[in-house]
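Colleague: Pasting model-v3.cif below, which is mmCIF, C-alpha atoms.
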```
data_structure
loop_
_atom_site.label_atom_id
_atom_site.label_comp_id
_atom_site.auth_asym_id
_atom_site.auth_seq_id
_atom_site.Cartn_x
_atom_site.Cartn_y
_atom_site.Cartn_z
CA MET O 1 41.87 -59.85 -30.22
CA ILE O 2 40.57 -57.39 -27.63
CA GLU O 3 37.35 -58.44 -25.97
CA LYS O 4 34.72 -55.70 -25.72
CA THR O 5 33.58 -55.12 -22.16
CA GLN O 6 29.90 -55.17 -21.36
CA PRO O 7 28.18 -51.79 -21.21
CA SER O 8 27.58 -50.60 -17.65
CA VAL O 9 24.07 -50.57 -16.21
CA THR O 10 22.45 -49.12 -13.11
CA VAL O 11 19.13 -50.50 -11.95
CA LEU O 12 17.38 -47.55 -10.30
CA ILE O 13 14.79 -48.30 -7.63
CA PRO O 14 12.99 -45.56 -5.68
CA VAL O 15 11.33 -46.85 -2.52
CA TYR O 16 9.05 -45.46 0.14
CA ASN O 17 7.96 -47.79 2.94
CA GLY O 18 8.76 -50.84 0.85
CA GLU O 19 10.09 -53.22 3.48
CA GLU O 20 7.50 -55.87 2.58
CA HIS O 21 8.57 -56.29 -1.07
CA ILE O 22 12.05 -54.80 -1.53
CA GLY O 23 13.79 -58.07 -0.55
CA ASP O 24 12.03 -60.05 -3.29
CA CYS O 25 12.82 -57.29 -5.79
CA LEU O 26 16.52 -57.26 -4.92
CA ASP O 27 16.73 -61.06 -4.86
CA SER O 28 15.39 -61.15 -8.44
CA LEU O 29 18.03 -58.62 -9.49
CA LEU O 30 20.98 -60.25 -7.78
CA ASN O 31 20.61 -63.39 -9.89
CA GLN O 32 20.92 -61.75 -13.31
CA SER O 33 22.67 -63.40 -16.28
CA TYR O 34 24.45 -60.07 -16.94
CA ASP O 35 27.58 -59.07 -15.05
CA ASN O 36 28.31 -55.34 -15.43
CA TYR O 37 25.55 -53.76 -13.39
CA GLN O 38 24.91 -52.14 -10.06
CA ILE O 39 21.72 -51.55 -8.10
CA LEU O 40 20.96 -48.07 -6.79
CA VAL O 41 18.09 -47.74 -4.34
CA VAL O 42 16.82 -44.29 -3.38
CA ASN O 43 15.15 -44.50 0.01
CA ASP O 44 12.57 -41.73 -0.17
CA GLY O 45 12.18 -41.02 3.56
CA SER O 46 10.73 -44.41 4.49
CA ARG O 47 9.29 -44.62 8.00
CA ASP O 48 9.23 -48.42 8.21
CA LYS O 49 12.25 -50.76 8.25
CA THR O 50 13.08 -50.34 4.55
CA LEU O 51 16.51 -48.86 5.22
CA GLU O 52 17.46 -51.69 7.61
CA LYS O 53 16.36 -54.22 5.00
CA LEU O 54 18.36 -52.48 2.25
CA GLN O 55 21.51 -52.58 4.37
CA GLN O 56 21.41 -56.39 4.20
CA TYR O 57 22.03 -56.31 0.42
CA PRO O 58 25.05 -55.43 -1.75
CA VAL O 59 23.41 -52.33 -3.22
CA LYS O 60 24.22 -48.63 -3.31
CA ILE O 61 21.78 -46.67 -1.14
CA LEU O 62 20.92 -43.00 -1.31
CA SER O 63 18.67 -41.97 1.53
CA TYR O 64 17.11 -38.85 2.96
CA GLU O 65 14.72 -38.40 5.88
CA GLU O 66 11.74 -36.53 4.43
CA ASN O 67 9.48 -38.21 1.86
CA LYS O 68 9.68 -36.09 -1.29
CA GLY O 69 7.85 -38.29 -3.81
CA ILE O 70 8.82 -40.62 -6.62
CA SER O 71 9.76 -37.89 -9.14
CA TYR O 72 12.23 -36.34 -6.72
CA ALA O 73 13.66 -39.77 -5.86
CA LEU O 74 14.13 -40.69 -9.52
CA ASN O 75 15.79 -37.39 -10.43
CA TYR O 76 18.01 -37.58 -7.35
CA GLY O 77 19.07 -41.09 -8.31
CA ILE O 78 19.71 -40.24 -11.97
CA ASP O 79 21.87 -37.30 -10.89
CA HIS O 80 24.15 -39.87 -9.18
CA ILE O 81 24.40 -42.30 -12.11
CA ASP O 82 27.17 -42.37 -14.71
CA THR O 83 26.71 -45.83 -16.26
CA ASP O 84 25.84 -46.38 -19.93
CA TYR O 85 22.26 -47.41 -19.23
CA ILE O 86 19.60 -47.00 -16.58
CA ILE O 87 17.01 -49.69 -15.98
CA ARG O 88 13.96 -48.79 -13.91
CA MET O 89 12.27 -50.93 -11.30
CA ASP O 90 9.98 -50.27 -8.39
CA ALA O 91 10.35 -51.89 -4.98
CA ASP O 92 7.50 -54.33 -5.62
CA ASP O 93 8.70 -55.47 -9.07
CA LEU O 94 10.47 -58.70 -9.97
CA ALA O 95 12.98 -59.07 -12.81
CA HIS O 96 13.42 -62.05 -15.10
CA TYR O 97 16.98 -63.39 -14.74
CA ASP O 98 17.79 -62.45 -18.38
CA ARG O 99 16.19 -59.02 -18.31
CA ILE O 100 19.34 -56.90 -18.21
CA ARG O 101 21.22 -59.01 -20.78
CA ILE O 102 18.34 -59.00 -23.27
CA GLN O 103 17.63 -55.30 -22.93
CA VAL O 104 21.27 -54.22 -23.17
CA ASN O 105 21.77 -56.43 -26.24
CA PHE O 106 18.73 -54.83 -27.87
CA MET O 107 19.97 -51.30 -27.13
CA GLU O 108 23.51 -52.09 -28.32
CA ASN O 109 22.13 -53.49 -31.58
CA ASN O 110 19.88 -50.44 -32.06
CA PRO O 111 22.07 -47.40 -31.32
CA ARG O 112 19.48 -44.90 -32.61
CA ILE O 113 16.95 -45.94 -29.98
CA PHE O 114 17.02 -43.84 -26.83
CA MET O 115 14.55 -45.78 -24.67
CA SER O 116 12.84 -49.12 -24.87
CA GLY O 117 10.75 -51.34 -22.69
CA CYS O 118 9.99 -54.97 -22.20
CA THR O 119 6.79 -56.70 -21.30
CA SER O 120 5.68 -56.46 -17.73
CA TYR O 121 2.66 -58.07 -16.20
CA PRO O 122 0.60 -55.91 -13.83
CA GLY O 123 -1.19 -58.83 -12.28
CA PRO O 124 -0.76 -61.28 -9.46
CA ILE O 125 1.36 -64.36 -9.85
CA HIS O 126 -0.32 -67.69 -9.19
CA GLY O 127 2.38 -70.34 -9.01
CA ASN O 128 4.11 -70.10 -12.39
CA LYS O 129 1.06 -68.62 -14.10
CA TRP O 130 0.96 -64.92 -15.00
CA GLU O 131 -2.32 -63.04 -15.29
CA VAL O 132 -3.27 -59.66 -16.65
CA THR O 133 -6.65 -58.21 -15.78
CA PHE O 134 -8.19 -56.22 -18.63
CA GLY O 135 -11.53 -54.85 -17.52
CA GLU O 136 -13.41 -57.84 -16.15
CA ARG O 137 -11.51 -60.30 -18.29
CA ARG O 138 -8.41 -62.16 -17.15
CA LEU O 139 -5.79 -62.87 -19.78
CA THR O 140 -3.76 -65.94 -18.93
CA THR O 141 -2.59 -67.74 -22.08
CA PHE O 142 0.50 -66.81 -24.05
CA ASN O 143 -1.59 -65.92 -27.12
CA GLU O 144 -4.00 -63.75 -25.10
CA LEU O 145 -1.11 -61.87 -23.52
CA ARG O 146 0.75 -61.50 -26.83
CA THR O 147 -2.36 -60.15 -28.55
CA PHE O 148 -3.08 -57.76 -25.68
CA TYR O 149 0.40 -56.21 -25.79
CA LEU O 150 0.37 -56.04 -29.59
CA PHE O 151 -2.58 -53.64 -29.42
CA HIS O 152 -1.77 -51.98 -26.07
CA PRO O 153 1.94 -51.13 -26.24
CA TYR O 154 3.23 -48.85 -23.56
CA LEU O 155 6.32 -48.30 -21.49
CA ARG O 156 5.86 -49.25 -17.88
CA HIS O 157 8.51 -48.49 -15.28
CA PRO O 158 9.27 -52.13 -14.49
CA GLY O 159 10.35 -52.69 -18.10
CA VAL O 160 12.18 -49.50 -19.13
CA ILE O 161 15.82 -49.09 -20.14
CA PHE O 162 17.32 -45.85 -21.43
CA ARG O 163 20.66 -44.31 -22.33
CA THR O 164 22.00 -42.27 -19.42
CA LYS O 165 24.08 -39.88 -21.51
CA SER O 166 21.17 -39.07 -23.85
CA TRP O 167 18.81 -38.50 -20.91
CA LYS O 168 21.21 -36.04 -19.30
CA GLU O 169 22.15 -34.29 -22.56
CA LYS O 170 18.47 -33.61 -23.28
CA GLY O 171 17.96 -32.32 -19.74
CA TYR O 172 15.07 -34.70 -19.06
CA ARG O 173 13.55 -34.72 -15.59
CA TYR O 174 10.73 -36.64 -13.98
#
```
Will you turn the file into structure tokens for me?
Modeller:
Amino acid sequence: MIEKTQPSVTVLIPVYNGEEHIGDCLDSLLNQSYDNYQILVVNDGSRDKTLEKLQQYPVKILSYEENKGISYALNYGIDHIDTDYIIRMDADDLAHYDRIRIQVNFMENNPRIFMSGCTSYPGPIHGNKWEVTFGERRLTTFNELRTFYLFHPYLRHPGVIFRTKSWKEKGYRY
């Protein structure tokens, strides 16, 4: 019996002056439960020590000197990707160790879906406790967070996965 290989994934991270957080981001990605992925970081003309920090990690780096903005960086990165899927992250995001495996499994089991997203929490982390601020209210329990995302679904960059081929065939651009 021939074993099916895992679909290929690129985690795309644009960064501008992200030396403070990029190490934590990459550390969270390098410990994934999925095997067939690469990390592509587009250094968008950073003026701090971002590039030096990136060179300490086993990642592919695309870099240019002048800051051109996140849309340019994302399009530039996508133009250099040929894997089955693209997962988006920003330099100050952290990934759950099962993120890639769960998202790829979902996409493989739902071939008609072009893009999907997972939950992300736009709040500070306090120990092992996640918080989401909604207006003046802080949501901290599992049920509060689940209810919030049930009625406020949206795709945020730290949770998005999409099919590379479909993106390029449609001519999408940021």
Colleague: Kindly indicate which residue among O:Ile100, O:Leu51, O:Cys118, O:Val41 lies nearest to O:Ile70, using all atoms listed in the file for the distances.
Modeller: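 Of O:Ile100, O:Leu51, O:Cys118, O:Val41, the one nearest O:Ile70, counting all atoms listed in the file, is O:Val41.
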Colleague: Find the residue from O:Ile81, O:Ile22, O:Ile87, O:Val104 that sits nearest to O:Leu62; use all atoms listed in the file when measuring.
Modeller: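 Nearest candidate to O:Leu62 out of O:Ile81, O:Ile22, O:Ile87, O:Val104: O:Ile81.
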Colleague: Kindly resolve the PyMOL selection byres ((chain O and resi 162-165) around 9) on the present coordinates and return the residues as a ChimeraX atom specification.
Modeller: /O:78,81-88,107,113-117,160-161,166-170
Colleague: Can you list what the PyMOL selection byres ((chain O and resi 17) around 7) grabs from this structure, as a list in words?
Modeller: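 Applied to this file, the PyMOL selection byres ((chain O and resi 17) around 7) selects Val15, Tyr16, Gly18, Glu19, Ser46, Arg47, Asp48 and Thr50 of chain O.
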Colleague: To verify the selection step, state as an NGL selection string which residues the PyMOL selection byres ((chain O and resi 69) around 10) yields on this input.
Modeller: :O and (14-16 or 44-45 or 66-68 or 70-74)
Colleague: Restricting the calculation to all atoms listed in the file, which member of O:Leu40, O:Ile102, O:Met89, O:Leu12 is positioned closest to O:Gly159?
Modeller: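 Using all atoms listed in the file, the shortest distance to O:Gly159 belongs to O:Met89.
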Colleague: Kindly give the distance, in Å, that separates atom CA of O:His21 and atom CA of O:Leu94, rounded to a single decimal.
Modeller: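 Interatomic distance, atom CA of O:His21 to atom CA of O:Leu94: 9.4 Å.
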Colleague: Leaving out O:Gln32 and any residue of its chain fewer than 5 positions from it, which residues lie within 12 Å of it when counting only C-alpha atoms, given as a PyMOL selection string?
Modeller: chain O and resi 9+11+25-27+37-39+94-102
Colleague: Rounded to one decimal in Å, what is the spacing between atom CA of O:Asn43 and atom CA of O:Tyr64?
Modeller: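 Atom CA of O:Tyr64 lies 6.7 Å from atom CA of O:Asn43.
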Colleague: Figure out the distance between atom CA of O:Ala91 and atom CA of O:Lys53, please, to one decimal in Å.
Modeller: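 Here the two named atoms are 11.9 Å from each other.
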Colleague: Which residue is closest to O:Gln56? Choose from O:Asn75, O:Pro111, O:Leu29, O:Gly23 and count all atoms listed in the file.
Modeller: O:Gly23
Colleague: Could you check the closest approach to O:Gln6 for each of O:Asn109, O:Asp24, O:Asp93, O:Tyr34 and tell me which residue wins, using all atoms listed in the file?
Modeller: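 Ranking O:Asn109, O:Asp24, O:Asp93, O:Tyr34 by distance to O:Gln6, first place goes to O:Tyr34.
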